[in-house]
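Data file: run_28.pdb. Format and content: PDB, C-alpha atoms.
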```
ATOM      1  CA  ILE O   1     143.974 176.472 108.739
ATOM      2  CA  TYR O   2     144.066 179.932 107.217
ATOM      3  CA  SER O   3     140.883 181.829 108.024
ATOM      4  CA  SER O   4     139.173 185.215 108.301
ATOM      5  CA  ARG O   5     135.716 186.319 109.418
ATOM      6  CA  ASN O   6     133.436 188.138 106.978
ATOM      7  CA  ILE O   7     130.839 190.779 107.898
ATOM      8  CA  ASN O   8     128.184 188.124 108.510
ATOM      9  CA  GLY O   9     130.318 186.310 111.015
ATOM     10  CA  TYR O  10     131.094 183.301 108.829
ATOM     11  CA  ILE O  11     134.571 181.846 108.895
ATOM     12  CA  MET O  12     136.255 182.054 105.479
ATOM     13  CA  GLY O  13     139.568 180.414 104.733
ATOM     14  CA  THR O  14     141.501 177.385 103.532
ATOM     15  CA  LEU O  15     141.539 174.035 105.306
ATOM     16  CA  PHE O  16     144.491 171.743 104.614
ATOM     17  CA  VAL O  17     143.755 168.087 105.383
ATOM     18  CA  ASP O  18     144.539 164.672 103.877
ATOM     19  CA  LYS O  19     141.195 163.040 104.625
ATOM     20  CA  LEU O  20     137.658 163.931 105.712
ATOM     21  CA  ASP O  21     135.657 161.248 107.512
ATOM     22  CA  PRO O  22     132.043 161.532 108.722
ATOM     23  CA  GLN O  23     131.110 160.372 112.169
ATOM     24  CA  SER O  24     130.580 156.631 112.356
ATOM     25  CA  GLY O  25     127.287 155.592 110.781
ATOM     26  CA  THR O  26     126.603 158.974 109.143
ATOM     27  CA  SER O  27     127.182 160.559 105.732
ATOM     28  CA  LEU O  28     129.521 163.357 104.758
ATOM     29  CA  GLU O  29     127.830 166.315 103.045
ATOM     30  CA  LEU O  30     129.579 169.189 101.271
ATOM     31  CA  GLY O  31     127.709 172.474 100.839
ATOM     32  CA  SER O  32     124.032 173.330 100.974
ATOM     33  CA  SER O  33     121.294 173.946  98.433
ATOM     34  CA  GLY O  34     122.278 176.859  96.204
ATOM     35  CA  ASP O  35     126.012 176.480  96.831
ATOM     36  CA  THR O  36     128.532 175.808  94.071
ATOM     37  CA  ILE O  37     131.428 173.426  94.646
ATOM     38  CA  THR O  38     134.212 173.981  92.115
ATOM     39  CA  ILE O  39     136.911 171.542  91.059
ATOM     40  CA  PRO O  40     139.702 173.778  89.693
ATOM     41  CA  SER O  41     141.415 173.198  86.367
ATOM     42  CA  GLY O  42     144.214 170.689  86.672
ATOM     43  CA  CYS O  43     142.610 168.743  89.531
ATOM     44  CA  THR O  44     141.634 165.093  89.165
ATOM     45  CA  ILE O  45     138.842 163.211  90.936
ATOM     46  CA  THR O  46     139.576 159.499  91.298
ATOM     47  CA  ASN O  47     136.691 157.163  92.073
ATOM     48  CA  ASN O  48     137.422 153.725  93.528
ATOM     49  CA  GLY O  49     133.964 153.231  94.964
ATOM     50  CA  THR O  50     130.353 153.364  93.794
ATOM     51  CA  GLN O  51     129.115 156.557  92.177
ATOM     52  CA  THR O  52     125.525 157.790  92.029
ATOM     53  CA  GLY O  53     124.119 160.964  90.535
ATOM     54  CA  PHE O  54     127.141 161.656  88.302
ATOM     55  CA  GLY O  55     127.026 161.822  84.527
ATOM     56  CA  GLN O  56     124.219 160.389  82.443
ATOM     57  CA  ALA O  57     123.137 156.799  82.019
ATOM     58  CA  ASN O  58     122.631 155.883  78.364
ATOM     59  CA  LYS O  59     119.098 154.654  78.830
ATOM     60  CA  PRO O  60     116.402 153.907  77.858
ATOM     61  CA  ALA O  61     118.302 151.288  75.900
ATOM     62  CA  PHE O  62     117.361 148.011  74.228
ATOM     63  CA  HIS O  63     118.618 145.280  71.929
ATOM     64  CA  ALA O  64     116.222 142.770  70.345
ATOM     65  CA  TYR O  65     116.622 140.056  67.755
ATOM     66  CA  LYS O  66     114.462 137.871  65.535
ATOM     67  CA  SER O  67     113.591 134.501  67.011
ATOM     68  CA  GLY O  68     111.238 131.719  65.993
ATOM     69  CA  SER O  69     110.539 131.261  62.286
ATOM     70  CA  SER O  70     112.054 133.224  59.416
ATOM     71  CA  GLN O  71     109.940 136.146  58.214
ATOM     72  CA  SER O  72     108.685 136.095  54.639
ATOM     73  CA  VAL O  73     108.935 139.469  52.875
ATOM     74  CA  PRO O  74     106.771 139.802  49.711
ATOM     75  CA  ASN O  75     108.300 141.104  46.507
ATOM     76  CA  ASN O  76     108.581 144.901  46.247
ATOM     77  CA  THR O  77     106.591 145.501  49.445
ATOM     78  CA  VAL O  78     107.836 147.680  52.310
ATOM     79  CA  THR O  79     107.521 145.270  55.241
ATOM     80  CA  LYS O  80     108.098 145.865  58.939
ATOM     81  CA  ILE O  81     110.500 143.359  60.478
ATOM     82  CA  SER O  82     109.585 141.660  63.754
ATOM     83  CA  PHE O  83     112.203 141.246  66.478
ATOM     84  CA  GLN O  84     110.543 139.066  69.114
ATOM     85  CA  THR O  85     113.251 138.465  71.722
ATOM     86  CA  GLU O  86     114.972 141.054  73.902
ATOM     87  CA  LEU O  87     118.574 140.692  74.934
ATOM     88  CA  PHE O  88     117.882 143.646  77.233
ATOM     89  CA  ASP O  89     115.316 146.439  77.574
ATOM     90  CA  SER O  90     116.299 148.834  80.379
ATOM     91  CA  ASP O  91     112.994 150.684  80.735
ATOM     92  CA  GLY O  92     110.498 148.415  79.013
ATOM     93  CA  CYS O  93     110.254 150.770  76.020
ATOM     94  CA  TYR O  94     110.555 148.162  73.260
ATOM     95  CA  ASP O  95     107.375 146.346  72.201
ATOM     96  CA  LYS O  96     108.463 142.802  71.337
ATOM     97  CA  ASP O  97     104.976 141.311  71.263
ATOM     98  CA  THR O  98     102.836 143.395  68.908
ATOM     99  CA  ASN O  99     104.330 146.427  67.155
ATOM    100  CA  TYR O 100     108.077 145.680  67.302
ATOM    101  CA  ARG O 101     108.861 149.329  67.941
ATOM    102  CA  PHE O 102     110.939 151.383  70.373
ATOM    103  CA  THR O 103     109.031 154.214  72.113
ATOM    104  CA  PRO O 104     111.352 155.731  74.733
ATOM    105  CA  THR O 105     110.010 157.531  77.790
ATOM    106  CA  THR O 106     112.860 160.051  77.964
ATOM    107  CA  ALA O 107     113.190 162.867  75.429
ATOM    108  CA  GLY O 108     116.569 163.135  73.756
ATOM    109  CA  TYR O 109     118.825 162.049  70.927
ATOM    110  CA  TYR O 110     119.093 158.297  70.359
ATOM    111  CA  TYR O 111     121.532 156.109  68.466
ATOM    112  CA  ILE O 112     119.474 153.496  66.578
ATOM    113  CA  TYR O 113     120.929 150.537  64.644
ATOM    114  CA  TYR O 114     119.894 147.314  62.906
ATOM    115  CA  GLN O 115     121.125 144.332  60.923
ATOM    116  CA  LEU O 116     118.996 142.115  58.656
ATOM    117  CA  LYS O 117     120.064 138.879  57.048
ATOM    118  CA  ASN O 118     118.412 138.339  53.660
ATOM    119  CA  ALA O 119     118.313 134.730  52.468
ATOM    120  CA  ASN O 120     118.736 133.815  48.769
ATOM    121  CA  GLN O 121     118.473 137.388  47.554
ATOM    122  CA  THR O 122     119.081 138.118  43.856
ATOM    123  CA  ASP O 123     118.212 141.765  43.279
ATOM    124  CA  TYR O 124     117.865 145.128  45.040
ATOM    125  CA  ILE O 125     117.421 145.363  48.823
ATOM    126  CA  TYR O 126     116.133 148.478  50.554
ATOM    127  CA  SER O 127     116.289 148.531  54.349
ATOM    128  CA  ARG O 128     115.455 151.459  56.567
ATOM    129  CA  ILE O 129     114.748 152.873  60.013
ATOM    130  CA  ARG O 130     111.441 154.711  60.163
ATOM    131  CA  LYS O 131     110.230 157.246  62.691
ATOM    132  CA  ASN O 132     106.515 157.250  63.505
ATOM    133  CA  GLY O 133     105.751 154.827  60.690
ATOM    134  CA  SER O 134     106.450 157.158  57.776
ATOM    135  CA  ILE O 135     109.680 159.168  58.123
ATOM    136  CA  ASP O 136     112.736 157.393  56.683
ATOM    137  CA  LEU O 137     115.760 158.154  58.863
ATOM    138  CA  ALA O 138     118.332 155.765  57.440
ATOM    139  CA  LEU O 139     117.949 154.088  54.047
ATOM    140  CA  GLU O 140     120.428 151.447  52.905
ATOM    141  CA  ILE O 141     120.237 150.272  49.282
ATOM    142  CA  HIS O 142     122.341 147.663  47.548
ATOM    143  CA  TYR O 143     122.261 145.119  44.749
ATOM    144  CA  THR O 144     123.299 141.521  45.297
ATOM    145  CA  GLY O 145     123.463 140.410  41.663
ATOM    146  CA  SER O 146     123.285 136.709  42.439
ATOM    147  CA  ASP O 147     121.483 134.199  44.613
ATOM    148  CA  VAL O 148     123.244 134.814  47.938
ATOM    149  CA  ASP O 149     122.606 135.333  51.621
ATOM    150  CA  ASP O 150     123.187 139.006  52.243
ATOM    151  CA  MET O 151     123.396 141.417  55.211
ATOM    152  CA  SER O 152     121.707 144.821  55.359
ATOM    153  CA  LYS O 153     122.915 147.206  58.050
ATOM    154  CA  GLY O 154     122.092 150.759  59.059
ATOM    155  CA  PHE O 155     122.187 153.283  61.868
ATOM    156  CA  THR O 156     121.168 156.845  62.652
ATOM    157  CA  ILE O 157     120.891 159.437  65.417
ATOM    158  CA  VAL O 158     117.387 160.800  65.914
ATOM    159  CA  HIS O 159     115.562 163.014  68.399
ATOM    160  CA  LEU O 160     112.579 161.310  70.061
ATOM    161  CA  ASN O 161     110.154 163.287  72.227
ATOM    162  CA  GLY O 162     109.895 160.817  75.107
ATOM    163  CA  SER O 163     106.140 160.318  74.788
ATOM    164  CA  SER O 164     104.786 159.415  71.337
ATOM    165  CA  ASP O 165     107.761 159.170  68.940
ATOM    166  CA  TYR O 166     108.818 155.666  67.975
ATOM    167  CA  VAL O 167     111.178 153.897  65.573
ATOM    168  CA  GLU O 168     110.881 150.628  63.602
ATOM    169  CA  VAL O 169     112.839 148.720  60.951
ATOM    170  CA  TYR O 170     111.481 147.980  57.454
ATOM    171  CA  LEU O 171     112.694 145.941  54.498
ATOM    172  CA  GLN O 172     111.819 145.960  50.787
ATOM    173  CA  GLN O 173     113.239 143.512  48.256
ATOM    174  CA  THR O 174     112.824 143.068  44.494
ATOM    175  CA  LYS O 175     113.702 139.420  43.954
ATOM    176  CA  GLY O 176     110.485 138.810  41.994
ATOM    177  CA  SER O 177     109.104 136.483  44.654
ATOM    178  CA  SER O 178     108.990 136.404  48.418
ATOM    179  CA  ALA O 179     112.297 136.283  50.301
ATOM    180  CA  ASN O 180     113.063 135.217  53.860
ATOM    181  CA  VAL O 181     114.662 137.120  56.701
ATOM    182  CA  PRO O 182     116.215 134.395  58.893
ATOM    183  CA  ASN O 183     116.139 134.450  62.671
ATOM    184  CA  GLY O 184     119.098 134.307  65.043
ATOM    185  CA  GLU O 185     120.786 136.622  67.512
ATOM    186  CA  GLN O 186     123.759 137.130  65.176
ATOM    187  CA  ASN O 187     121.688 137.486  61.996
ATOM    188  CA  THR O 188     118.800 139.891  62.495
ATOM    189  CA  TYR O 189     118.714 142.458  65.287
ATOM    190  CA  PHE O 190     117.529 145.957  66.226
ATOM    191  CA  GLY O 191     118.683 148.196  69.063
ATOM    192  CA  GLY O 192     119.252 151.673  70.374
ATOM    193  CA  TYR O 193     120.149 153.824  73.354
ATOM    194  CA  LEU O 194     119.984 157.383  74.638
ATOM    195  CA  VAL O 195     122.967 159.519  73.663
ATOM    196  CA  THR O 196     122.055 162.838  75.292
ATOM    197  CA  THR O 197     119.044 164.764  76.618
ATOM    198  CA  TRP O 198     120.229 168.089  75.129
TER     199      TRP O 198
END
```
Is it possible to express this structure as structure tokens?
Amino acid sequence: IYSSRNINGYIMGTLFVDKLDPQSGTSLELGSSGDTITIPSGCTITNNGTQTGFGQANKPAFHAYKSGSSQSVPNNTVTKISFQTELFDSDGCYDKDTNYRFTPTTAGYYYIYYQLKNANQTDYIYSRIRKNGSIDLALEIHYTGSDVDDMSKGFTIVHLNGSSDYVEVYLQQTKGSSANVPNGEQNTYFGGYLVTTW
């Protein structure tokens, strides 16, 4: 131990040890409120146990997919797609029963994604993520050219205020008649997660 005493009587110095253990049945605490504990450049912290309070969990997070019957989308009509089954929903922020929308309770930037399978499509397909029912965030447009099953995919990063902002997925097709969006966990899904609270 290398030490000195400052004007307030506190011991200041360097302690060289290989291991610090708390008394049996207690917890080890470093520093007090207002203190700063610095890990110098070049040092490495290795964690082989359970960590709490470090970093940021990427939630709220959810992933839902279409189940039940296929959804019929009328010709040239912007139609909200329903995803009725949750693979997971960390904070209960996705409405799978009524509005099929994600309304997170934490403000921040979110990564939002979707995939839609379009059955027997022959013309233009427009799929999109919308914020608050009217703001297009990601718009994917393509032309199939023949009677095929086709996949529409899209993603975006968007800031949501953690109280009233929400996102949904919409589809528009121009086949000339109604077209189906099939169900299935691998076919038609919608998800997202918190990236950062900056």
| message | Report, in Å to a single decimal, how far apart atom CA of O:Val167 and atom CA of O:Asp95 are. | response |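 That distance, rounded to one decimal, is 10.7 Å.
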Just the residues within 7 Å of O:Pro104, please, counting only C-alpha atoms, with nothing from its chain fewer than 2 positions along; format it as an mmCIF file with C-alpha atoms, in the frame of the given file.
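Resulting contents of part.cif:
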```cif
data_model
loop_
_atom_site.group_PDB
_atom_site.id
_atom_site.type_symbol
_atom_site.label_atom_id
_atom_site.label_comp_id
_atom_site.auth_asym_id
_atom_site.auth_seq_id
_atom_site.Cartn_x
_atom_site.Cartn_y
_atom_site.Cartn_z
ATOM 1 C CA PRO O 60 116.402 153.907 77.858
ATOM 2 C CA CYS O 93 110.254 150.770 76.020
ATOM 3 C CA PHE O 102 110.939 151.383 70.373
ATOM 4 C CA THR O 106 112.860 160.051 77.964
ATOM 5 C CA GLY O 162 109.895 160.817 75.107
ATOM 6 C CA SER O 163 106.140 160.318 74.788
#
```
Could you give me, as a compact mmCIF listing (two decimals) with C-alpha atoms, in the frame of the given file, the residues within 12 Å of O:Tyr94, counting all atoms listed in the file and dropping anything in the same chain fewer than 5 positions from it?
```txt
# COMPACT_ATOMS: atom_id res chain seq x y z
CA PRO O 60 116.40 153.91 77.86
CA ALA O 61 118.30 151.29 75.90
CA PHE O 62 117.36 148.01 74.23
CA HIS O 63 118.62 145.28 71.93
CA ALA O 64 116.22 142.77 70.34
CA TYR O 65 116.62 140.06 67.76
CA SER O 82 109.58 141.66 63.75
CA PHE O 83 112.20 141.25 66.48
CA GLN O 84 110.54 139.07 69.11
CA THR O 85 113.25 138.46 71.72
CA GLU O 86 114.97 141.05 73.90
CA LEU O 87 118.57 140.69 74.93
CA PHE O 88 117.88 143.65 77.23
CA ASP O 89 115.32 146.44 77.57
CA ASN O 99 104.33 146.43 67.16
CA TYR O 100 108.08 145.68 67.30
CA ARG O 101 108.86 149.33 67.94
CA PHE O 102 110.94 151.38 70.37
CA THR O 103 109.03 154.21 72.11
CA PRO O 104 111.35 155.73 74.73
CA THR O 105 110.01 157.53 77.79
CA TYR O 166 108.82 155.67 67.97
CA VAL O 167 111.18 153.90 65.57
CA GLU O 168 110.88 150.63 63.60
CA PHE O 190 117.53 145.96 66.23
CA GLY O 191 118.68 148.20 69.06
CA GLY O 192 119.25 151.67 70.37
CA TYR O 193 120.15 153.82 73.35
```
List the residues matched by the PyMOL selection byres ((chain O and resi 68) around 10) in the displayed structure as a compact mmCIF listing (two decimals) with C-alpha atoms, in the coordinates of the input, ordered by chain and then by residue number.
```txt
# COMPACT_ATOMS: atom_id res chain seq x y z
CA LYS O 66 114.46 137.87 65.54
CA SER O 67 113.59 134.50 67.01
CA SER O 69 110.54 131.26 62.29
CA SER O 70 112.05 133.22 59.42
CA GLN O 71 109.94 136.15 58.21
CA PHE O 83 112.20 141.25 66.48
CA GLN O 84 110.54 139.07 69.11
CA THR O 85 113.25 138.46 71.72
CA PRO O 182 116.22 134.40 58.89
CA ASN O 183 116.14 134.45 62.67
CA GLY O 184 119.10 134.31 65.04
```
| Shortest interatomic distance to O:Asn75 - which of O:Phe16, O:Tyr143, O:Tyr126, O:Phe155, counting only C-alpha atoms |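 Closest residue, counting only C-alpha atoms: O:Tyr126.
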